[in-house]
Structures are given as C-alpha cells and as structure tokens.
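Chemist: Provided herewith is a single structure, encoded as structure tokens, for subsequent inquiry.
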Amino acid sequence: MLAVRGLGVAYGGAGPPALADVSLDLAAGRRLAVLGESGSGKSTLALAICGLLAAGARVSGTVAFPGLAAAPVLGRDIGVVFQDPGGSLNPVLTIGEQIAEVAVVHRGLGWRAAAAQAARLLDRMRIVGAQAALRRHPHEFSGGQRQRIALAAALAADPVLLVADEPTSALDTVVQHEMVELLDGLVRERGLTLLFVTHDIALASMLADEVAVLFGGRLMEAGPVGRVFRHPAHAYTRALLATRLNLDTTVGETTLGARLPEIDPADFSVFVPARRVPHG
Amino acid sequence: MNFLRRVLATGEGLAGGAMLAVLLAVALAAPVLAPGDPMAMAGDPLLRPFQDAAHPLGTDRLGRDVLAGLIHGARTTLLVAGAAAAAALGIGITVGTLAGFLGGWVDEALMRVAEAFQTVPAFLLTLALISVTGPRASTIVLGIAIGAWMQPARITRAEILSLRERDFVAAARVIGMHKLEIAFREVLPNALTPAISLAAVIVAAAVLIEAALSFLGFGDPNRVTWGSMIAEGRAVLRGAPFLSIIPGMALVATVLAVHLTGRAVARTLRVRPEVVRPEVVRPEVARPVLG
Amino acid sequence: MVEPALLEVAGLHKRFRRAGQDVTALDGVDLRIAPGTTLALAGASGSGKSTLARCVVRLVAPDAGTIRFAGVDLLGLGEAALRAMRPQLQMVFQDPSTAFNPRATVARILADPLRVHGLAPRAQWRARALALLDMVRLPGTLIDRQPHELSGGQRQRVAIARALATGPRLVVLDEPVSALDVSVRAAVLNLLLDLQEQTGVAYLLIAHDLAVVRAVAGTVAVMEAGRIVEHGAVDEVFARPQATATRGLLAAVPRLVLREG
C-alpha cells in the first residue's frame, strides 16, 4: 500500500532536517504506529505522506503507493485526522455540511445521499441523536465528540488509507479509551490501512501491528509491535519502555524516598536517581 | 534591530523605508537645505522649473521658491501627521486596553463613547475645531487624533479580550499582580501588533487630511504646506501647472512611502509558526538500528 | 495528635452559564489537605476538578461554600489581604507553552513574584532567579531566554520555579506533565517529589491519568459531575475501587499490550 524510501524533509534556514533518510513499508490492511516525541519528525512524516507539507519544505526521497492504480487524492483515497479537532473542523459550517461535503466532492454523491451517509457515520461514531446533530456546529460538541466528527469526515469518502496524527493526545484517558476502541472497530470493519502518529507506547501497542520509532528525524527501529516492545533493539526504545508511567509504579508518599526511573539524555540509559534534595 | 533588518529585507520595506528616510532627512535638515524664510519672495515670479539654478523647481506667483516650499512643507506635513498619528494611537491603545481588560461598565461606557466619535468624520471634526480656535497646526493635530483613535481602540480591545483568557494572565493573578499592572505590563505589549499595523493607515490619512485643510485655506497660515502650495497653484493652473503638480507629487510619494512601510511592518510582525523544540538534542548518539 | 489541615474546603458550589445553559461544575465538594502531603484530584474532563483548583487559588469565585487556608477564610479576604496571602498559595498550569508572557525572559518571569511581594531588593533578583533555576535543575544559561526558546520540559520546570519563588505552603499542580514528552515526565515528577521533601510544600494535583496520580500522590479524591465520589489512600482506592467513576478511570489507563511476534 505505502512505500517510503529515503524520505528527507528540510525547511529553509539553519538547523537539522525535520526528517532524514526514513524508509518504511505498510501493507494494505495493516496498522502502523509512528512513535516519537517532540522534534522526532513524526508529524512531518505523516504530513509528507499526505502531501500536506508547507510550501517551503524541501523533500528528498520518495513516497509511493504501489497498491493504488493512480496517485492518491487526499480526502478520497486518504482520510486524515489531526490532533486538534478545533483546527480541522470549520467553526462556521454545520457538521452535517462538513461531513457530507467530503462525499459530494470526492465521490460525486448527491447532497441528500451524502447527508444520509453523514447521519449513518455519526451514528457509528456513537454521537447521540445523529440526525439532529447534523445541523449543529462544532463548538456545540465536546473535544472527544469533535474528534469523532473529524474521524467521520475523514471516512466519508471511503478512503483506503487512514492517517491519524496524535488522534488521542488532546483527550483525557476515558475518552482516549473510547476513541481507541472506535478506531480499532472501524479499521477492522472497513479493511482500512491505518497509519497513526503517537507518543504513547501503550496506545501503539493496543492499536498497531507494526511500529516505527523516530528520534531526531531518523528512524531508530521498526518492526512488528510485539517484537519491538518485547525485545527492543535500540537503547531509545528500551528507555521509553523502562520509564513509562503506569499503575504499578509505587513512589511518592507510598514509598518514601523512592523515585521514578529517568532517561539519561547522553546515551539513553535508564537510571533511578537517589533522592536529590536540591539546595536553594 | 533584528526587526528593522527583517522589515528592510522585504522589497516593500526597503522602498518605503528608503523614501521615508529621505523625507525625514529633508524635513530635519530643512533650515540647512533651504535657509531663510520659504515664504519670502526669493526671485522673479512664475519662473519655470529647471531654468534657473538658484530656483531649480521654479517660483510661484509671488516669486517664492518652490523647492524651499517643498522642503519646509515636508517638515510641516511630517510633524502634523506624525503627531496626530502618535496621539491617535496613544489614546486609542490606552482606551482599548482599559476597555478590554476591565470589562463590565467601563468597557460599555468606553465603547459607546467610541461609537459616538465614529459618527463624525475626522475631517469635519477638525474643521469644526478650527472654526473655534482658528487655523493652527496644533488644532489640526488634535482634530485628526480625536477623529482617528477609535479604530486602534477597537482593535487593541479585541486583542486584549483574546489574550485575557490565556494562562499567563491567570498566572499573573495567582502571583498577585495588580489588575492594571497585568493589563499594561503583561498583556498590552503582546496586543500591540494589530494597532501598529494601523499606524501606517493613520499617518497616511493624516497627511491627506492636513493637505486638504491647507488646500481649503484652513491650514496654519504661518507655515508653508504642500496643501497650501497646491491651492496657490490653482489660480494659474493653466499657465503654470507645475506649481500644483510638484507638491502633489510630493504628497503621493509620501503616502506611498507610508503605505509600503506599513505593509512591510505588518508582514514582518505576522506570527511565525512555533518551532517545536525537542527535549533531547544528541543526534550523534542516536544511530538507527537496521532490521 | 491530628495536625490541623492546611487546606479545608467545605460545601463548594459553582454553576456556570455556558451557551445559554446552566452547567453545574461543583456540586457540594468537601476536602482537606494536610501540610506537606499530596492530594490528587482525579476525574474525566468535565468532572469539575479544574474548577475546584481554580476556586482554591481564587481565580474563580464559588457560589457557595468555604475555603480555609492555614486557618484563614480565603473567600472572605479583600483584595489587599488576598494579595498578601498569595505568596503562600501558588499554581503550576497545564500547558507550559501558554503559561508565560511570550515576551518575557526567564529572568523576568522568576523575578516577578519577588518584585510583586517585595521579597528581595532589585539588585538581588538575578541572583535569586539563578538560584531558582538551580533548584529545578536547569542551567543558568537559560536565564535570558524567552519561553519559546525552551523545550516543553524546560518551560514546565521554569513554571515550577516560579511557583516556588515565594516559598508557598501549597502548590496547585494542574496536569503538570500531560503536555510534556513522555521521556521527561519522570524527571519532572521526581523533581516535584524532591522539592516537596526539601521544602515541605503540599501539593494539590489535578490529573486525568491515574498513572501520574500513582507516581506522586498519597491520597486521591475521585470526582464525577462536580462531586467527590471516592476518597482515600491511593493504594487502597486503586486496589479496591468503590465508585463507577473510579473503575472507569482505572480501566481507561493505557496498558502496554505485549503480543507475541
């Protein structure tokens, strides 16, 4: 479905490139998690794949879609969901218009049929009262709902590839959980290929088949998610796994003096600091 | 300084900035460039331009040197326009900040006052004031300022309203800063950008209003201005059009310079996208693992 | 002997008018924090925890109820008295990218609390700012930078330094690490633990992620729809959750799924 070879992206001016020499494959129907932190280039990678890079970007390498007959059209063949639902939804239009428009423009549906489909999509996204919701505006919904609406719009033209850039990062854990279940179900039902960008290891492990770990614009390691998380080959991946906050860490008042494991930025080694009482 | 450099880097900024710099230099150096009283009769009347070395741009009906008039007129124009714009911005920004930040009845009252002033065009307002005080440069400055403060006020207020809800304002409150201190020290400097963009518009408008008033004979009779020069030339427009055209061109050049500079400044001030800064910057350590 | 509580909240009510509708943010909330301890307020968004935090620092005025801090009735204080109280009660905000005046330098950010309360003469501000940076383990070279020149983790540490500049007895931490990269969360949380041990400051921690609560807090209060539905020691509540909201939050904590192959 997707073949990226030697992809590099640089923006004008000094500074290291946003992406350098990234190659990866994604087979049809599979799910890839692009895992990384700030400045890792993970969002740049997603944008490059969608063809959404800013005007001044210098691109090297290739992004190819061997699974498709022709070059993919954004909106029709590729659906995109961004981190901030406030940014991807037009505040002036009703959500019905926005979802239906995608189908009208890309699949040539009539407005009526598109509106009916929009209602069905909202229903599937578990938006209560889908029919009435069509006439409401984005600001009348909660953050989690807006994200689901954006997902509906992304799927309205029945794309084959869904790209999600940090789809749950702006949501609280309860809503995140619902979103993950929803994404999982949708991808399964529609046989979608999924590429999602995240900084959350657990999310990657729950939703993805394969994972690519990025740091500083470069690919550190990639592989099946089970293998990478069970037997990480790179020190960075090992460090992320070892320092992940979870319900089992007992620190703080429950164990006086104990501290959480930290990452040493010099070599990604993990250490548990002794209690350091700062002077000041 | 960095900001200035960036403005000059744009074509508009360079052109506009250069022209403004020339104008400013001319205005400042007026007594040196054209010593003596520009309104004094300097030579034969109605000399054409480029004929006499002593009067490169010719003379008017009374034999007054056109070039001297142009140079001293630059002074008046820039002085009046600059002062008027500064006053308008000063009043407008202060009012906008108070209204936006304090809200409630203060906001209501100030905005109603602004609306009231909005109904009277600056030009007519200034005429009315002149009819009271007589034609004077200071009155013109006041008139234009009173007629132009509303827009900067509104724009600043809008910026302040959007900034007011940000966390850093809440943080300032939690630290214990006084409301007015927060408004003027923390919020206002971040809200100035749109008002600054208006500066160019106000200056340009002020230049033209001042010229129009002078043209109509309401300008300060003790100063030579481009408007009055154009008015002077009206009587001999057929025979000596250069008397009106030359100061007219000066006006066009000034307004153009102001507009260009204003656009360049507005462009440069536009928000840059946030650069994402990674926590760890050690590329040499992070070598990819193959396979 | 029972130590008097540092913070005592009783019967707090707050309603907002949003989009023409009345929304109940707080529906009768009671809680106490002992000096030098950490109470976590956990809940989904909309549960009221942020509103409660803002009432405690008096950014928002509740409709009813009392807040006693170090024995003083916070809600009854006038402007001047409240301002005098501020040094003891500070806050760290969730998003370090909007928590600072974009034009201010770190030096000014850290000197502001000292300046406002007259805690140090002007000549000492820079030295005190450097000391604060040292306290949060940031290099002194950052002192003349502006917030946008720092990484998220560095900004949050500056925010912590600012909050501690006046030597407060209670600091409200609003989702202190949720906007940060995962690799630095542990370091920032460790810093908070160290600072608590050294200065004896108490924390009111707002979090939607129970893993963060587990890492830092001794006691937790779970909120739902403006009420506290469960309250107790973290170990106890997580092991034997009683309320549905608590169970929902526990189930929602992202879990690492290690599959074969």
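Order determines the names: the first chain of the structure tokens is A, the second B, and so forth; residues in each chain are numbered 1 upward, and ligands are numbered 1 upward as they are shown.
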Skipping near chain neighbours, those fewer than 6 positions away, what residues fall within 7 Å of region 195-203 of chain A using only C-alpha atoms, listed as number ranges by chain?

Modeler: A: 31-37, 42-43, 162-166; C: 254-257

Chemist: Write to file, as a PDB file, in the first residue's frame, the residues of the selection just made, with C-alpha atoms.

Modeler:
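So out_11.pdb came out as:
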ATOM      1  CA  ARG A  31      -1.717  -0.768  11.040  1.00  0.00           C
ATOM      2  CA  LEU A  32       1.474   1.172  11.625  1.00  0.00           C
ATOM      3  CA  ALA A  33       2.239   3.296  14.637  1.00  0.00           C
ATOM      4  CA  VAL A  34       4.821   6.035  14.177  1.00  0.00           C
ATOM      5  CA  LEU A  35       6.186   6.529  17.664  1.00  0.00           C
ATOM      6  CA  GLY A  36       8.194   9.539  18.749  1.00  0.00           C
ATOM      7  CA  GLU A  37       8.389  12.672  20.873  1.00  0.00           C
ATOM      8  CA  LYS A  42       6.710  12.003  13.336  1.00  0.00           C
ATOM      9  CA  SER A  43       4.165  14.609  12.312  1.00  0.00           C
ATOM     10  CA  LEU A 162      -6.466   6.499   7.245  1.00  0.00           C
ATOM     11  CA  VAL A 163      -3.741   8.746   8.617  1.00  0.00           C
ATOM     12  CA  ALA A 164      -4.210   9.964  12.185  1.00  0.00           C
ATOM     13  CA  ASP A 165      -1.776  12.436  13.735  1.00  0.00           C
ATOM     14  CA  GLU A 166      -1.921  12.054  17.530  1.00  0.00           C
TER      15      GLU A 166
ATOM     16  CA  PRO C 254      -3.487   2.853  28.772  1.00  0.00           C
ATOM     17  CA  ARG C 255      -1.944  -0.544  29.166  1.00  0.00           C
ATOM     18  CA  LEU C 256       1.014  -1.943  27.340  1.00  0.00           C
ATOM     19  CA  VAL C 257      -0.144  -4.944  25.367  1.00  0.00           C
TER      20      VAL C 257
END

Chemist: Output as number ranges by chain the set of chain A residues within 9 Å of chain B, with distances taken over only C-alpha atoms.

Modeler: A: 37-40, 215-216, 218-223, 233-236, 265-268

Chemist: Keeping only N, CA and C atoms, write the selected residues to a file as an mmCIF file, in the first residue's frame.

Modeler:
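As written to disk, part_35.cif reads:
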data_model
loop_
_atom_site.group_PDB
_atom_site.id
_atom_site.type_symbol
_atom_site.label_atom_id
_atom_site.label_comp_id
_atom_site.auth_asym_id
_atom_site.auth_seq_id
_atom_site.Cartn_x
_atom_site.Cartn_y
_atom_site.Cartn_z
ATOM 1 N N GLU A 37 8.694 11.538 20.010
ATOM 2 C CA GLU A 37 8.389 12.672 20.873
ATOM 3 C C GLU A 37 8.502 13.986 20.101
ATOM 4 N N SER A 38 8.541 15.114 20.819
ATOM 5 C CA SER A 38 8.647 16.392 20.121
ATOM 6 C C SER A 38 9.925 16.439 19.307
ATOM 7 N N GLY A 39 9.830 16.947 18.102
ATOM 8 C CA GLY A 39 11.038 17.106 17.294
ATOM 9 C C GLY A 39 11.531 15.813 16.665
ATOM 10 N N SER A 40 10.767 14.731 16.824
ATOM 11 C CA SER A 40 11.227 13.472 16.245
ATOM 12 C C SER A 40 10.941 13.412 14.752
ATOM 13 N N PHE A 215 13.413 9.308 16.168
ATOM 14 C CA PHE A 215 14.064 10.233 17.080
ATOM 15 C C PHE A 215 14.932 11.179 16.267
ATOM 16 N N GLY A 216 14.802 12.463 16.518
ATOM 17 C CA GLY A 216 15.634 13.439 15.817
ATOM 18 C C GLY A 216 15.523 13.357 14.313
ATOM 19 N N ARG A 218 15.160 10.750 12.516
ATOM 20 C CA ARG A 218 15.625 9.484 11.941
ATOM 21 C C ARG A 218 14.865 8.303 12.494
ATOM 22 N N LEU A 219 14.848 7.239 11.708
ATOM 23 C CA LEU A 219 14.175 6.024 12.120
ATOM 24 C C LEU A 219 15.141 5.225 12.986
ATOM 25 N N MET A 220 14.770 4.982 14.232
ATOM 26 C CA MET A 220 15.642 4.249 15.140
ATOM 27 C C MET A 220 15.473 2.758 14.991
ATOM 28 N N GLU A 221 14.233 2.344 14.991
ATOM 29 C CA GLU A 221 13.980 0.937 14.693
ATOM 30 C C GLU A 221 12.545 0.777 14.269
ATOM 31 N N ALA A 222 12.290 -0.332 13.586
ATOM 32 C CA ALA A 222 10.939 -0.595 13.107
ATOM 33 C C ALA A 222 10.727 -2.101 13.088
ATOM 34 N N GLY A 223 9.479 -2.485 13.232
ATOM 35 C CA GLY A 223 9.195 -3.917 13.184
ATOM 36 C C GLY A 223 7.834 -4.227 13.736
ATOM 37 N N ALA A 233 15.450 -3.373 20.128
ATOM 38 C CA ALA A 233 16.829 -3.450 19.690
ATOM 39 C C ALA A 233 17.587 -2.155 19.985
ATOM 40 N N HIS A 234 16.890 -1.053 20.083
ATOM 41 C CA HIS A 234 17.570 0.226 20.252
ATOM 42 C C HIS A 234 17.429 0.737 21.686
ATOM 43 N N ALA A 235 18.503 1.381 22.147
ATOM 44 C CA ALA A 235 18.515 1.879 23.521
ATOM 45 C C ALA A 235 17.382 2.861 23.785
ATOM 46 N N TYR A 236 17.035 3.673 22.776
ATOM 47 C CA TYR A 236 15.973 4.662 22.956
ATOM 48 C C TYR A 236 14.639 3.976 23.239
ATOM 49 N N PRO A 265 19.892 11.603 28.945
ATOM 50 C CA PRO A 265 19.872 12.012 27.540
ATOM 51 C C PRO A 265 21.190 11.767 26.794
ATOM 52 N N ALA A 266 22.270 11.544 27.535
ATOM 53 C CA ALA A 266 23.553 11.348 26.847
ATOM 54 C C ALA A 266 23.599 10.048 26.072
ATOM 55 N N ASP A 267 23.060 8.994 26.663
ATOM 56 C CA ASP A 267 23.153 7.714 25.960
ATOM 57 C C ASP A 267 21.890 6.858 26.081
ATOM 58 N N PHE A 268 20.795 7.470 26.484
ATOM 59 C CA PHE A 268 19.513 6.759 26.613
ATOM 60 C C PHE A 268 19.552 5.659 27.659
#

Chemist: Within 8 Å of chain A, which residues of chain C show up when using only C-alpha atoms, listed as a ChimeraX atom specification?

Modeler: /C:37-38,44-45,131-132,134-136,181-184,186-187,189-190,193-195,197-198,208-212,214-218,235,248-249,252-261

Chemist: Could you work out which residues of chain B fall inside 8 Å of chain C? Count only C-alpha atoms, and format the result as a PyMOL selection string.

Modeler: chain B and resi 166-171+173-177+186-187+189-190+274-279

Chemist: Skipping near chain neighbours, those fewer than 6 positions away, what residues fall within 8 Å of region 113-130 of chain B using only C-alpha atoms, listed as a list in words?

Modeler: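 In the requested format, the answer is Arg136, Thr139, Ile140, Leu142, Gly143, Ile144, Ile146, Gly147, Ala148, Met150, Ile209, Leu213 and Phe218 of chain B.
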
Chemist: Using C-alpha atoms, can you write the selected residues to a file as a tab-separated table (two decimals), in the first residue's frame?

Modeler:
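What ended up in selection34.tsv:
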chain	number	residue	atom	x	y	z
B	136	ARG	CA	-3.42	76.28	13.80
B	139	THR	CA	-5.65	72.18	16.35
B	140	ILE	CA	-5.22	70.08	13.26
B	142	LEU	CA	-5.93	67.39	17.88
B	143	GLY	CA	-8.73	67.15	15.36
B	144	ILE	CA	-7.19	64.27	13.47
B	146	ILE	CA	-9.80	62.74	18.06
B	147	GLY	CA	-11.17	61.54	14.76
B	148	ALA	CA	-8.87	58.56	14.43
B	150	MET	CA	-11.46	54.71	17.69
B	209	ILE	CA	-6.37	65.50	5.77
B	213	LEU	CA	-7.31	71.51	5.08
B	218	PHE	CA	-7.77	76.28	6.87

Chemist: CA of Ala195 (chain B) and CA of Ala137 (chain B) are how many Å apart?

Modeler: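 Spanning CA of Ala195 (chain B) to CA of Ala137 (chain B) is a straight-line distance of 24.8 Å.
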
Chemist: Which residues come within 12 Å of Arg190 (chain A), counting only C-alpha atoms, excluding same-chain residues fewer than 5 positions away, as a PyMOL selection string?

Modeler: chain A and resi 28-30+155-156+158-162+183-185

Chemist: Once you have the residues from the selection above, write them out as a PDB file, in the first residue's frame, restricted to C-alpha atoms.

Modeler:
ATOM      1  CA  ALA A  28      -2.693  -2.978   2.834  1.00  0.00           C
ATOM      2  CA  GLY A  29      -4.968  -3.618   5.775  1.00  0.00           C
ATOM      3  CA  ARG A  30      -2.172  -3.335   8.312  1.00  0.00           C
ATOM      4  CA  LEU A 155     -14.036   8.373   6.374  1.00  0.00           C
ATOM      5  CA  ALA A 156     -16.914   9.930   4.441  1.00  0.00           C
ATOM      6  CA  ASP A 158     -14.499   5.734   1.885  1.00  0.00           C
ATOM      7  CA  PRO A 159     -10.711   6.030   1.722  1.00  0.00           C
ATOM      8  CA  VAL A 160      -8.371   3.067   1.771  1.00  0.00           C
ATOM      9  CA  LEU A 161      -5.766   4.693   3.999  1.00  0.00           C
ATOM     10  CA  LEU A 162      -6.466   6.499   7.245  1.00  0.00           C
ATOM     11  CA  LEU A 183     -10.678   3.230  15.705  1.00  0.00           C
ATOM     12  CA  ASP A 184      -9.997  -0.451  16.189  1.00  0.00           C
ATOM     13  CA  GLY A 185     -13.541  -1.387  15.213  1.00  0.00           C
TER      14      GLY A 185
END

Chemist: From the DSSP assignment of the backbone, select every residue of region 9-183 of chain B that is helix (DSSP H, G or I), and format the answer as an NGL selection string.

Modeler: :B and (9 or 11-28 or 30-33 or 66-102 or 104-118 or 122-133 or 137-148 or 150-164 or 167-175 or 179-183)

Chemist: Please, what distance in Å, to one decimal, runs between CA of Gly16 (chain B) and CA of Ala264 (chain B)?

Modeler: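 Between these atoms lies a distance of 8.3 Å.
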
Chemist: Near Arg5 (chain A), counting only C-alpha atoms, which residues have an atom at most 7 Å away, once you skip same-chain residues fewer than 3 positions from it, shown as a compact mmCIF listing (two decimals) with C-alpha atoms, in the first residue's frame?

Modeler:
# COMPACT_ATOMS: atom_id res chain seq x y z
CA VAL A 22 13.34 7.38 6.54
CA SER A 23 12.23 4.20 4.79
CA LEU A 24 9.28 2.06 5.67
CA GLY A 61 13.41 10.56 -1.32
CA THR A 62 10.10 9.10 -2.41
CA VAL A 63 6.66 8.31 -1.10

Chemist: So which bits of region 106-278 of chain A end up strand (DSSP E) when you DSSP the backbone, as a count of residues only?

Modeler: 30

Chemist: Would you mind listing what lies within 10 Å of region 106-112 of chain B as a CSV table (one decimal) with N, CA and C atoms, in the first residue's frame, with only C-alpha atoms counted and same-chain residues fewer than 6 positions away left out?

Modeler:
chain,number,residue,atom,x,y,z
B,95,VAL,N,-7.3,53.4,25.7
B,95,VAL,CA,-8.7,53.2,25.9
B,95,VAL,C,-9.0,51.7,25.6
B,96,GLY,N,-8.5,51.2,24.5
B,96,GLY,CA,-8.7,49.8,24.2
B,96,GLY,C,-8.3,48.8,25.3
B,97,THR,N,-7.1,49.1,25.8
B,97,THR,CA,-6.6,48.2,26.9
B,97,THR,C,-7.5,48.3,28.1
B,98,LEU,N,-7.9,49.5,28.5
B,98,LEU,CA,-8.8,49.6,29.7
B,98,LEU,C,-10.1,48.9,29.5
B,99,ALA,N,-10.7,49.2,28.3
B,99,ALA,CA,-12.0,48.6,28.0
B,99,ALA,C,-11.9,47.1,27.9
B,100,GLY,N,-10.9,46.6,27.2
B,100,GLY,CA,-10.8,45.1,27.1
B,100,GLY,C,-10.5,44.4,28.3
B,118,GLN,N,-17.3,57.9,16.3
B,118,GLN,CA,-17.2,57.3,15.0
B,118,GLN,C,-18.1,58.0,14.0
B,150,MET,N,-10.5,55.8,17.4
B,150,MET,CA,-11.5,54.7,17.7
B,150,MET,C,-11.0,53.4,17.1
B,153,ALA,N,-8.4,51.7,19.1
B,153,ALA,CA,-9.0,51.3,20.4
B,153,ALA,C,-9.7,50.0,20.2
B,154,ARG,N,-10.5,49.9,19.2
B,154,ARG,CA,-11.3,48.7,18.9
B,154,ARG,C,-10.4,47.5,18.7
B,157,ARG,N,-8.6,46.5,21.9
B,157,ARG,CA,-9.6,45.8,22.8
B,157,ARG,C,-9.8,44.4,22.3

Chemist: Please, what distance in Å, to one decimal, runs between CA of Thr51 (chain C) and CA of Ala25 (chain C)?

Modeler: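 Separating CA of Thr51 (chain C) from CA of Ala25 (chain C) is a distance of 6.8 Å.
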
Chemist: Go through A:Ile149, A:Leu26, A:Ala103, A:Ala132 and flag the residue nearest Arg76 (chain A), using only C-alpha atoms for the distances.

Modeler: A:Ala103
